[in-house]
>>> print(open('final33.txt').read())   # compact mmCIF, C-alpha atoms and all ligand atoms
# COMPACT_ATOMS: atom_id res chain seq x y z
CA MET A 1 -1.55 0.16 -35.95
CA PRO A 2 -1.82 3.42 -33.97
CA GLU A 3 -0.91 3.36 -30.29
CA ARG A 4 -3.93 2.35 -28.22
CA LYS A 5 -4.90 4.27 -25.09
CA TYR A 6 -7.32 3.10 -22.44
CA GLY A 7 -8.56 6.09 -20.48
CA LYS A 8 -11.29 6.78 -17.95
CA GLU A 9 -14.09 5.94 -20.36
CA PHE A 10 -13.22 2.27 -19.75
CA GLY A 11 -14.16 0.31 -16.64
CA PHE A 12 -11.70 -0.85 -13.98
CA ASN A 13 -11.51 -4.44 -15.29
CA THR A 14 -10.79 -3.30 -18.84
CA ARG A 15 -8.10 -0.89 -17.71
CA ALA A 16 -6.50 -3.58 -15.53
CA VAL A 17 -6.09 -5.74 -18.63
CA HIS A 18 -5.26 -3.11 -21.26
CA THR A 19 -3.86 0.14 -19.87
CA GLY A 20 -0.12 0.37 -20.46
CA ASN A 21 -0.13 -2.62 -22.77
CA ASP A 22 0.04 -2.46 -26.55
CA VAL A 23 1.30 -4.42 -29.53
CA ASP A 24 5.11 -4.29 -29.64
CA LYS A 25 5.94 -2.47 -32.84
CA ASP A 26 9.10 -4.44 -33.65
CA SER A 27 8.06 -8.02 -32.95
CA LEU A 28 4.26 -7.60 -33.24
CA ALA A 29 4.01 -9.47 -29.92
CA ILE A 30 0.64 -8.68 -28.31
CA LYS A 31 2.24 -8.16 -24.91
CA ARG A 32 4.91 -5.53 -24.44
CA PRO A 33 8.26 -7.25 -23.81
CA ILE A 34 10.72 -6.76 -20.95
CA VAL A 35 13.43 -4.29 -21.87
CA MET A 36 16.43 -5.20 -19.70
CA ALA A 37 18.96 -3.01 -21.53
CA ASN A 38 19.88 -0.24 -19.13
CA SER A 39 20.92 2.32 -21.74
CA TYR A 40 19.47 3.65 -24.98
CA GLU A 41 21.18 4.95 -28.10
CA LEU A 42 21.97 8.65 -28.00
CA PRO A 43 21.00 11.02 -30.80
CA TYR A 44 23.60 12.29 -33.30
CA ASP A 45 24.17 15.41 -31.18
CA PRO A 46 23.67 14.75 -27.43
CA THR A 47 24.98 18.11 -26.20
CA ASP A 48 21.53 19.38 -25.20
CA ILE A 49 20.55 16.35 -23.14
CA ASN A 50 19.96 16.97 -19.44
CA TRP A 51 21.43 13.90 -17.72
CA SER A 52 19.14 14.43 -14.74
CA SER A 53 15.92 14.52 -16.72
CA ALA A 54 13.16 11.94 -16.56
CA GLY A 55 11.85 9.96 -19.50
CA LYS A 56 12.57 6.75 -21.33
CA ASN A 57 15.16 6.17 -24.01
CA LEU A 58 18.11 7.60 -22.07
CA TYR A 59 19.12 5.44 -19.12
CA THR A 60 16.90 3.13 -17.04
CA ARG A 61 17.36 5.09 -13.81
CA ASN A 62 15.93 8.13 -15.64
CA GLY A 63 13.01 6.10 -16.94
CA GLY A 64 12.82 2.60 -18.42
CA ALA A 65 10.20 1.29 -20.80
CA ASN A 66 8.53 -1.23 -18.44
CA GLN A 67 8.37 1.25 -15.61
CA GLN A 68 6.54 3.73 -17.86
CA TYR A 69 3.94 1.16 -18.94
CA LEU A 70 3.25 0.30 -15.30
CA GLN A 71 3.00 3.96 -14.30
CA GLU A 72 0.31 4.48 -16.91
CA LYS A 73 -1.75 1.65 -15.42
CA ILE A 74 -1.34 2.65 -11.77
CA ALA A 75 -2.22 6.31 -12.52
CA SER A 76 -5.37 5.03 -14.18
CA PHE A 77 -6.26 2.84 -11.14
CA GLU A 78 -5.79 5.81 -8.80
CA GLY A 79 -7.60 8.38 -10.96
CA ALA A 80 -4.37 10.42 -10.83
CA GLU A 81 -2.72 12.77 -13.28
CA ASP A 82 0.68 11.11 -12.88
CA CYS A 83 2.45 8.24 -11.12
CA VAL A 84 6.00 7.21 -10.36
CA VAL A 85 6.83 3.58 -9.62
CA LEU A 86 9.88 2.86 -7.49
CA ALA A 87 11.82 -0.11 -6.12
CA SER A 88 9.56 -0.82 -3.13
CA GLY A 89 6.73 0.62 -1.06
CA VAL A 90 9.29 1.96 1.39
CA GLY A 91 11.23 3.47 -1.54
CA ALA A 92 8.02 5.31 -2.45
CA LEU A 93 7.45 6.52 1.12
CA SER A 94 11.04 7.66 1.69
CA GLY A 95 11.11 9.23 -1.79
CA LEU A 96 7.99 11.22 -1.03
CA PHE A 97 9.26 12.43 2.35
CA PHE A 98 12.74 13.20 1.06
CA SER A 99 11.43 15.16 -1.93
CA LEU A 100 8.78 17.20 -0.10
CA LEU A 101 10.26 17.98 3.29
CA GLN A 102 13.06 20.19 4.45
CA SER A 103 14.63 21.09 7.76
CA GLY A 104 12.27 23.02 9.98
CA ASP A 105 9.12 21.49 8.47
CA HIS A 106 6.59 19.71 10.64
CA VAL A 107 4.84 16.43 9.77
CA ILE A 108 1.78 14.88 11.39
CA PHE A 109 1.53 11.13 10.91
CA SER A 110 -0.78 8.33 12.05
CA SER A 111 0.08 6.50 15.25
CA VAL A 112 -0.70 3.35 13.25
CA THR A 113 1.55 3.10 10.21
CA TYR A 114 3.90 0.73 8.53
CA ILE A 115 6.97 0.55 10.79
CA ALA A 116 9.31 2.16 8.23
CA VAL A 117 7.21 5.36 8.32
CA TYR A 118 7.86 5.64 12.02
CA ARG A 119 11.58 4.93 11.58
CA LEU A 120 11.94 7.36 8.69
CA LEU A 121 10.01 10.28 10.11
CA ASN A 122 10.46 9.95 13.81
CA GLU A 123 14.08 8.81 13.84
CA LEU A 124 15.95 9.45 10.61
CA PHE A 125 14.32 12.65 9.35
CA ASN A 126 13.84 13.96 12.85
CA ASN A 127 17.44 13.40 14.00
CA LYS A 128 19.30 13.96 10.77
CA PHE A 129 17.30 16.70 9.09
CA LYS A 130 15.56 18.42 12.03
CA ILE A 131 12.08 17.64 10.75
CA GLU A 132 9.51 18.06 13.52
CA THR A 133 7.03 15.22 13.95
CA SER A 134 3.73 14.65 15.74
CA ILE A 135 2.54 11.07 16.08
CA THR A 136 -1.21 11.52 16.13
CA ASP A 137 -4.29 9.34 16.40
CA THR A 138 -5.60 10.27 12.96
CA THR A 139 -8.89 8.45 13.59
CA ASP A 140 -9.63 11.53 15.74
CA LEU A 141 -10.08 14.70 13.68
CA SER A 142 -9.81 16.99 16.69
CA ALA A 143 -6.43 15.45 17.55
CA ILE A 144 -5.21 16.34 14.05
CA GLU A 145 -6.53 19.91 14.33
CA ALA A 146 -4.74 20.24 17.66
CA ALA A 147 -1.45 18.93 16.24
CA VAL A 148 -1.28 21.42 13.36
CA ARG A 149 1.53 24.00 13.64
CA PRO A 150 2.33 27.00 11.43
CA ASN A 151 5.12 24.94 9.78
CA THR A 152 3.04 21.79 9.16
CA LYS A 153 3.93 20.78 5.63
CA LEU A 154 2.53 17.26 5.39
CA ILE A 155 -0.06 15.03 7.00
CA HIS A 156 0.64 11.37 6.32
CA ILE A 157 -2.01 8.80 7.12
CA GLU A 158 -2.47 5.12 6.53
CA THR A 159 -6.02 3.82 6.22
CA PRO A 160 -6.71 1.04 6.93
CA GLY A 161 -3.65 1.28 9.16
CA ASN A 162 -1.22 -1.60 9.41
CA PRO A 163 -1.41 -3.49 11.79
CA THR A 164 -4.47 -2.52 13.87
CA ILE A 165 -6.69 -1.87 10.81
CA SER A 166 -7.66 1.58 12.08
CA ILE A 167 -9.71 3.84 9.80
CA SER A 168 -9.00 7.53 9.19
CA ASP A 169 -11.35 9.88 7.31
CA ILE A 170 -9.54 10.87 4.10
CA LYS A 171 -11.97 13.57 2.95
CA ALA A 172 -12.11 15.33 6.33
CA ILE A 173 -8.33 15.15 6.83
CA ALA A 174 -7.72 16.53 3.32
CA GLN A 175 -9.84 19.52 4.31
CA ILE A 176 -7.85 20.06 7.51
CA ALA A 177 -4.57 19.78 5.59
CA HIS A 178 -5.56 22.18 2.84
CA LYS A 179 -7.12 24.71 5.21
CA ASN A 180 -3.71 24.88 6.90
CA GLY A 181 -1.59 24.99 3.76
CA ALA A 182 -0.35 21.39 4.16
CA LEU A 183 -0.43 18.39 1.84
CA LEU A 184 -2.04 15.02 2.55
CA SER A 185 -0.45 11.70 1.62
CA VAL A 186 -2.30 8.43 2.12
CA ASP A 187 -0.71 4.99 2.28
CA ASN A 188 -3.45 3.09 0.47
CA THR A 189 -1.76 -0.33 0.45
CA LEU A 190 -4.25 -2.22 2.63
CA ALA A 191 -7.35 -0.99 0.79
CA SER A 192 -5.76 -0.93 -2.69
CA PRO A 193 -7.12 1.38 -5.40
CA PHE A 194 -9.80 -1.19 -6.20
CA ASN A 195 -11.55 -0.40 -2.91
CA GLN A 196 -10.39 3.15 -2.16
CA ARG A 197 -9.00 6.03 -4.24
CA PRO A 198 -7.57 8.72 -1.95
CA ILE A 199 -6.97 11.27 -4.71
CA GLU A 200 -10.65 11.23 -5.66
CA LEU A 201 -11.38 11.88 -1.96
CA GLY A 202 -9.15 14.96 -1.88
CA ALA A 203 -5.71 13.62 -0.91
CA ASP A 204 -2.64 14.94 -2.73
CA PHE A 205 -0.80 11.62 -2.90
CA SER A 206 -1.75 7.97 -2.88
CA ILE A 207 1.03 5.52 -2.07
CA GLU A 208 0.93 1.80 -2.75
CA SER A 209 3.27 -0.99 -1.93
CA LEU A 210 2.89 -2.76 -5.29
CA THR A 211 4.52 -5.73 -3.57
CA LYS A 212 1.10 -6.42 -2.06
CA TYR A 213 -2.28 -6.54 -3.85
CA ILE A 214 -1.40 -4.99 -7.19
CA ASN A 215 1.25 -7.58 -7.98
CA GLY A 216 -0.67 -10.04 -5.85
CA HIS A 217 1.48 -13.13 -6.30
CA GLY A 218 4.15 -12.56 -3.68
CA ASP A 219 7.03 -12.60 -6.14
CA ALA A 220 8.10 -9.00 -6.81
CA MET A 221 8.66 -5.74 -4.97
CA GLY A 222 7.62 -2.27 -6.03
CA GLY A 223 6.01 0.92 -4.81
CA SER A 224 4.12 3.81 -6.34
CA ILE A 225 3.29 7.44 -5.64
CA SER A 226 0.38 8.93 -7.56
CA GLY A 227 -0.64 12.57 -7.64
CA GLU A 228 -0.19 15.77 -9.60
CA LYS A 229 2.58 15.96 -12.18
CA LYS A 230 4.03 19.16 -10.69
CA TYR A 231 4.96 17.23 -7.52
CA LEU A 232 5.79 13.97 -9.22
CA ASP A 233 8.35 15.65 -11.47
CA ILE A 234 10.22 16.64 -8.30
CA ILE A 235 9.86 13.18 -6.75
CA ARG A 236 11.02 11.51 -9.94
CA ALA A 237 14.09 13.73 -10.13
CA GLN A 238 15.03 13.34 -6.49
CA ALA A 239 13.93 9.85 -5.43
CA GLN A 240 14.45 7.98 -8.66
CA ILE A 241 17.18 9.73 -10.60
CA ASN A 242 19.31 11.14 -7.78
CA LEU A 243 18.61 8.78 -4.87
CA GLY A 244 18.37 5.82 -7.24
CA ALA A 245 15.29 3.97 -5.94
CA VAL A 246 14.50 2.78 -9.48
CA ILE A 247 12.41 -0.37 -10.00
CA SER A 248 13.97 -3.18 -12.05
CA PRO A 249 12.41 -3.72 -15.47
CA PHE A 250 11.77 -7.36 -14.53
CA ASN A 251 9.84 -6.44 -11.39
CA ALA A 252 7.86 -3.78 -13.28
CA TRP A 253 6.98 -6.42 -15.86
CA LEU A 254 5.96 -8.97 -13.21
CA ILE A 255 3.74 -6.40 -11.47
CA MET A 256 2.26 -5.43 -14.83
CA ARG A 257 1.39 -9.07 -15.45
CA GLY A 258 0.05 -9.67 -11.94
CA SER A 259 -2.11 -6.57 -12.12
CA SER A 260 -4.22 -7.83 -15.04
CA THR A 261 -6.17 -9.95 -12.56
CA PHE A 262 -6.02 -7.37 -9.74
CA PRO A 263 -9.80 -6.55 -9.71
CA LEU A 264 -10.75 -10.23 -9.87
CA ARG A 265 -8.47 -11.07 -6.98
CA MET A 266 -9.65 -8.09 -4.92
CA ARG A 267 -13.27 -9.20 -5.22
CA GLN A 268 -12.29 -12.59 -3.85
CA HIS A 269 -10.16 -11.05 -1.04
CA ASN A 270 -13.09 -8.80 -0.07
CA GLU A 271 -15.58 -11.65 -0.14
CA ASN A 272 -13.38 -14.03 1.84
CA ALA A 273 -12.26 -11.52 4.45
CA ILE A 274 -15.76 -10.57 5.58
CA LEU A 275 -16.70 -14.24 5.91
CA ILE A 276 -13.60 -14.98 7.95
CA ALA A 277 -14.08 -11.88 10.11
CA GLN A 278 -17.65 -13.01 10.84
CA TYR A 279 -16.50 -16.54 11.58
CA LEU A 280 -13.84 -15.31 14.02
CA GLU A 281 -16.28 -12.92 15.67
CA SER A 282 -18.69 -15.76 16.32
CA ARG A 283 -16.08 -18.23 17.54
CA LYS A 284 -15.38 -18.77 21.21
CA ASN A 285 -11.96 -17.89 22.63
CA ILE A 286 -11.30 -15.13 20.10
CA SER A 287 -10.66 -12.00 22.14
CA PHE A 288 -11.30 -9.42 19.39
CA VAL A 289 -11.54 -9.03 15.61
CA SER A 290 -10.62 -5.80 13.82
CA TYR A 291 -12.02 -5.56 10.29
CA PRO A 292 -13.63 -2.39 8.88
CA GLY A 293 -16.45 -4.38 7.27
CA LEU A 294 -17.74 -5.42 10.71
CA LYS A 295 -20.44 -3.15 12.12
CA ASN A 296 -18.77 -3.00 15.53
CA HIS A 297 -15.46 -1.69 14.11
CA ARG A 298 -14.66 1.79 15.48
CA GLY A 299 -14.29 3.16 11.94
CA TYR A 300 -17.15 1.26 10.26
CA LYS A 301 -19.12 4.37 9.23
CA THR A 302 -16.09 6.13 7.78
CA ALA A 303 -15.01 2.92 6.05
CA VAL A 304 -18.42 2.59 4.39
CA SER A 305 -18.21 6.21 3.22
CA GLN A 306 -14.80 5.88 1.56
CA MET A 307 -14.28 2.19 0.70
CA SER A 308 -16.21 0.40 -2.03
CA PRO A 309 -17.04 -2.25 -3.13
CA GLY A 310 -15.24 -3.93 -0.19
CA PHE A 311 -12.91 -3.53 2.75
CA GLY A 312 -9.84 -5.43 1.60
CA GLY A 313 -8.39 -8.71 2.77
CA VAL A 314 -6.47 -7.77 5.91
CA LEU A 315 -7.80 -8.14 9.44
CA SER A 316 -6.31 -8.50 12.87
CA PHE A 317 -7.52 -10.60 15.77
CA GLY A 318 -6.54 -11.89 19.17
CA ILE A 319 -6.95 -15.27 20.84
CA LYS A 320 -7.25 -16.01 24.51
CA GLY A 321 -3.93 -17.17 25.88
CA ASN A 322 -0.29 -16.24 26.25
CA LYS A 323 2.53 -16.06 23.71
CA ASP A 324 3.06 -19.84 23.75
CA LYS A 325 -0.59 -20.39 22.90
CA HIS A 326 -0.26 -18.03 19.94
CA ASN A 327 2.82 -19.84 18.62
CA GLU A 328 1.26 -23.25 19.20
CA PHE A 329 -1.87 -22.21 17.28
CA VAL A 330 0.21 -21.06 14.28
CA SER A 331 2.17 -24.32 14.28
CA LYS A 332 -1.10 -26.26 13.79
CA LEU A 333 -2.16 -24.35 10.67
CA ARG A 334 -1.96 -26.43 7.49
CA LEU A 335 -3.18 -24.13 4.72
CA ILE A 336 -2.36 -20.69 6.11
CA THR A 337 1.34 -19.76 6.07
CA SER A 338 3.14 -17.99 8.90
CA ALA A 339 4.92 -15.10 7.16
CA VAL A 340 4.94 -11.33 6.95
CA SER A 341 3.66 -9.42 3.91
CA LEU A 342 0.06 -9.23 2.76
CA GLY A 343 -2.05 -9.09 -0.36
CA HIS A 344 -0.69 -12.35 -1.75
CA ASP A 345 -2.80 -15.05 -3.39
CA THR A 346 -2.05 -17.27 -0.38
CA SER A 347 -3.32 -16.59 3.14
CA LEU A 348 -0.57 -15.27 5.42
CA ILE A 349 -0.61 -14.87 9.18
CA ALA A 350 1.91 -13.09 11.39
CA PHE A 351 1.95 -13.01 15.19
CA LEU A 352 2.86 -9.48 16.17
CA GLY A 353 4.18 -9.92 19.64
CA ALA A 354 4.47 -7.40 22.39
CA ASN A 355 7.78 -5.92 21.22
CA ASP A 356 6.49 -3.02 19.11
CA GLU A 357 7.55 0.15 20.90
CA ARG A 358 4.44 1.89 19.53
CA GLN A 359 2.09 -0.60 21.17
CA TYR A 360 1.10 1.90 23.85
CA LEU A 361 -0.43 3.98 21.06
CA TYR A 362 -2.73 1.12 20.03
CA PRO A 363 -6.11 0.31 21.60
CA GLU A 364 -5.86 -1.84 24.71
CA GLU A 365 -6.86 -5.16 23.10
CA PHE A 366 -3.65 -5.08 21.03
CA HIS A 367 -1.30 -4.85 23.99
CA ASN A 368 -0.71 -8.56 24.58
CA GLY A 369 0.18 -9.52 21.05
CA PHE A 370 -2.19 -10.28 18.19
CA PHE A 371 -2.37 -11.68 14.68
CA ARG A 372 -2.35 -9.79 11.43
CA PHE A 373 -4.10 -12.01 8.94
CA SER A 374 -3.93 -11.41 5.20
CA VAL A 375 -6.82 -13.44 3.84
CA GLY A 376 -5.90 -15.05 0.53
CA ILE A 377 -8.00 -16.01 -2.48
CA GLU A 378 -8.44 -19.67 -1.58
CA ASP A 379 -11.95 -20.99 -0.86
CA ALA A 380 -13.24 -19.28 2.28
CA LYS A 381 -14.54 -22.58 3.66
CA ASP A 382 -11.05 -24.09 3.52
CA ILE A 383 -9.50 -21.10 5.30
CA ILE A 384 -12.15 -21.28 8.00
CA LYS A 385 -11.68 -25.04 8.35
CA ASP A 386 -7.95 -24.52 8.81
CA LEU A 387 -8.41 -21.85 11.49
CA ASP A 388 -11.01 -23.98 13.24
CA GLN A 389 -8.99 -27.19 13.38
CA ALA A 390 -5.91 -25.32 14.67
CA LEU A 391 -7.92 -23.58 17.38
CA GLU A 392 -9.46 -26.93 18.39
CA LYS A 393 -6.03 -28.59 18.54
CA VAL A 394 -4.75 -26.04 21.03
CA GLY A 395 -7.88 -26.34 23.16
CA LEU A 396 -9.51 -23.04 22.16
C1 LIG A 401 4.30 -3.55 3.02
C2 LIG A 401 3.87 -2.18 3.26
C3 LIG A 401 4.72 -1.11 2.95
C4 LIG A 401 6.12 -1.31 2.46
O1 LIG A 401 6.16 -1.85 1.18
P1 LIG A 401 7.45 -2.66 0.63
O2 LIG A 401 7.06 -2.92 -0.79
O3 LIG A 401 7.58 -3.86 1.48
O4 LIG A 401 8.62 -1.75 0.77
C5 LIG A 401 4.26 0.17 3.17
N1 LIG A 401 3.04 0.39 3.68
C6 LIG A 401 2.20 -0.61 3.99
C7 LIG A 401 0.87 -0.29 4.56
C8 LIG A 401 2.58 -1.93 3.80
O5 LIG A 401 1.77 -2.92 4.15
>>> encode(input="final33.txt", output="structure tokens")
Amino acid sequence: MPERKYGKEFGFNTRAVHTGNDVDKDSLAIKRPIVMANSYELPYDPTDINWSSAGKNLYTRNGGANQQYLQEKIASFEGAEDCVVLASGVGALSGLFFSLLQSGDHVIFSSVTYIAVYRLLNELFNNKFKIETSITDTTDLSAIEAAVRPNTKLIHIETPGNPTISISDIKAIAQIAHKNGALLSVDNTLASPFNQRPIELGADFSIESLTKYINGHGDAMGGSISGEKKYLDIIRAQAQINLGAVISPFNAWLIMRGSSTFPLRMRQHNENAILIAQYLESRKNISFVSYPGLKNHRGYKTAVSQMSPGFGGVLSFGIKGNKDKHNEFVSKLRLITSAVSLGHDTSLIAFLGANDERQYLYPEEFHNGFFRFSVGIEDAKDIIKDLDQALEKVGL
């Protein structure tokens, strides 16, 4: 049977099931197997092989079979020419920064980002490699314009931003970046490519923590960078082959399996999250709810213009009361688990206390500690019941 390809002419659900999968030619298994061998047989005369080149059938750090199948699927989700999958979301972020930036370059990045972005850019790259940084409120286009310098090489945004769920305008920021000769990378983890595809909106790179929605089952780590091949060849050579942030074949296989149901799960996350956001908004003793699907969210209009069909499963909210009240409330939850991470099948809640040094950059309501809530795919009524009984038990 000829190799089967599932390109853009197929819908998202079909590609989630089929892209990157095929009948295994040796065993005739209808799912591609895990290839754990880390080395492949060399040709009769290996003298011309470049040991730093990418591609399968050499050595797994240069490119393993399972990693390639997954890359094909993620590139298809993102509408991208190429994709590299790496060991974790942070591996993808650090790989991107390491490969693109050099001493003397300037980077603008969102004041709301995953903590590792702040550590990497503002501490490590800044101190070690003399990369200039501007932490900017990227929900404000004029603030970005004002931050641009002649040596601005990259604008990195996260939308929705973790943990305040802030919304930045991808299309408008791509225009600012390109007008100034810079590139735009978007951490798309919270939206996922089911709801938002940054490359189609003009960004140069879309980054996912595959650990979250795309795997979706909370049992593997991975990250991806999607974009043009001319950049990804460099990233693959530097981040994967030379820095060694390669994904394990087993994790690539697990993520491949989890991602078959990715669109189905996302629909349920989207549906549940809006119901829970509305419930929290209407409930007494909730001090604020931040979810881009709510009309009163600061970024609602932008979210509607760039996210579809939904707004993802992550929201943040505050309750009235001090730190003890927050901890007491969490201890009364029966269905929802207190843990970091997001995008799992199960609902996860994390109290983000007042010890984030970037808190002063967040809107005022976040200053006394708040919850990041990753709404799972359980029945919405059961999630709401759990929140409600816990709030009641602590007198809220
Ligand atoms: C979790 C997360 C990451 C990091 O991904 P890992 O797979 O944990 O390394 C990066 N960005 C965002 C927005 C995340 O939520």
>>> closest_residue(input="final33.txt", among="A:Asp140, A:Glu208, A:Asp48, A:Glu72", to="ligand LIG 401 (chain A)", atoms="all atoms listed in the file")
A:Glu208
>>> residues_around(input="final33.txt", residues="region 211-228 of chain A", least_positions_apart="4", cutoff="9 Å", atoms="all atoms listed in the file", output="number ranges by chain")
A: 71, 74-75, 78-93, 95-96, 189-193, 199, 203-207, 232-233, 235, 247-248, 250-252, 254-263, 265-266, 341-346
>>> atom_distance(input="final33.txt", atom1="CA of Phe12 (chain A)", atom2="CA of Phe77 (chain A)")
7.2 Å
>>> atom_distance(input="final33.txt", atom1="CA of Leu348 (chain A)", atom2="CA of Ile383 (chain A)")
10.7 Å
>>> atom_distance(input="final33.txt", atom1="CA of Val107 (chain A)", atom2="CA of Pro150 (chain A)")
11.0 Å
>>> residues_around(input="final33.txt", residues="region 298-305 of chain A", least_positions_apart="6", cutoff="9 Å", atoms="all atoms listed in the file", output="JSON, numbers by chain")
{"A": [139, 160, 166, 167, 168, 169, 170, 290, 291, 292, 311]}
>>> residues_around(input="final33.txt", residues="Thr19 (chain A)", least_positions_apart="5", cutoff="8 Å", atoms="all atoms listed in the file", output="PyMOL selection string")
chain A and resi 5-7+14+69+72-73+76
>>> closest_residue(input="final33.txt", among="A:Ser347, A:Trp253, A:Asp105, A:His156", to="Gly20 (chain A)", atoms="only C-alpha atoms")
A:Trp253
>>> closest_residue(input="final33.txt", among="A:Thr136, A:Gln102, A:Ser209, A:Asn327", to="ligand LIG 401 (chain A)", atoms="all atoms listed in the file")
A:Ser209
>>> decode(input="final33.txt", residues="region 125-131 of chain A", atoms="all heavy atoms", output="compact mmCIF listing (two decimals), in the first residue's frame")
# COMPACT_ATOMS: atom_id res chain seq x y z
N PHE A 125 19.48 34.79 29.75
CA PHE A 125 19.96 35.36 28.49
C PHE A 125 20.47 36.79 28.68
O PHE A 125 21.43 37.20 28.04
CB PHE A 125 18.86 35.33 27.42
CG PHE A 125 18.73 34.00 26.76
CD1 PHE A 125 18.16 32.92 27.43
CD2 PHE A 125 19.20 33.79 25.47
CE1 PHE A 125 18.05 31.67 26.83
CE2 PHE A 125 19.09 32.54 24.87
CZ PHE A 125 18.52 31.48 25.55
N ASN A 126 19.81 37.49 29.56
CA ASN A 126 20.20 38.86 29.84
C ASN A 126 21.59 38.91 30.49
O ASN A 126 22.50 39.59 30.02
CB ASN A 126 19.12 39.47 30.74
CG ASN A 126 19.33 40.94 30.99
OD1 ASN A 126 20.43 41.34 31.31
ND2 ASN A 126 18.29 41.72 30.85
N ASN A 127 21.78 38.13 31.55
CA ASN A 127 23.03 38.17 32.30
C ASN A 127 24.18 37.46 31.58
O ASN A 127 25.31 37.93 31.56
CB ASN A 127 22.87 37.53 33.68
CG ASN A 127 21.90 38.32 34.53
OD1 ASN A 127 21.73 39.52 34.32
ND2 ASN A 127 21.25 37.66 35.47
N LYS A 128 23.87 36.33 30.99
CA LYS A 128 24.93 35.49 30.44
C LYS A 128 25.32 35.90 29.03
O LYS A 128 26.47 35.83 28.65
CB LYS A 128 24.43 34.05 30.40
CG LYS A 128 25.34 33.05 31.07
CD LYS A 128 24.79 31.65 30.89
CE LYS A 128 25.86 30.66 31.18
NZ LYS A 128 25.71 29.98 32.44
N PHE A 129 24.31 36.30 28.25
CA PHE A 129 24.57 36.53 26.82
C PHE A 129 24.33 37.98 26.39
O PHE A 129 24.31 38.27 25.20
CB PHE A 129 23.71 35.59 25.98
CG PHE A 129 23.91 34.13 26.30
CD1 PHE A 129 22.84 33.33 26.67
CD2 PHE A 129 25.18 33.56 26.25
CE1 PHE A 129 23.03 31.99 26.98
CE2 PHE A 129 25.37 32.22 26.56
CZ PHE A 129 24.30 31.43 26.92
N LYS A 130 24.09 38.87 27.38
CA LYS A 130 23.91 40.30 27.07
C LYS A 130 22.80 40.53 26.04
O LYS A 130 22.96 41.28 25.07
CB LYS A 130 25.22 40.92 26.54
CG LYS A 130 26.39 40.76 27.50
CD LYS A 130 26.39 41.86 28.56
CE LYS A 130 27.49 41.68 29.59
NZ LYS A 130 27.17 40.73 30.67
N ILE A 131 21.69 39.83 26.24
CA ILE A 131 20.50 40.07 25.43
C ILE A 131 19.69 41.13 26.15
O ILE A 131 19.42 40.99 27.35
CB ILE A 131 19.68 38.77 25.28
CG1 ILE A 131 20.55 37.65 24.73
CG2 ILE A 131 18.38 39.02 24.52
CD1 ILE A 131 20.51 37.36 23.31
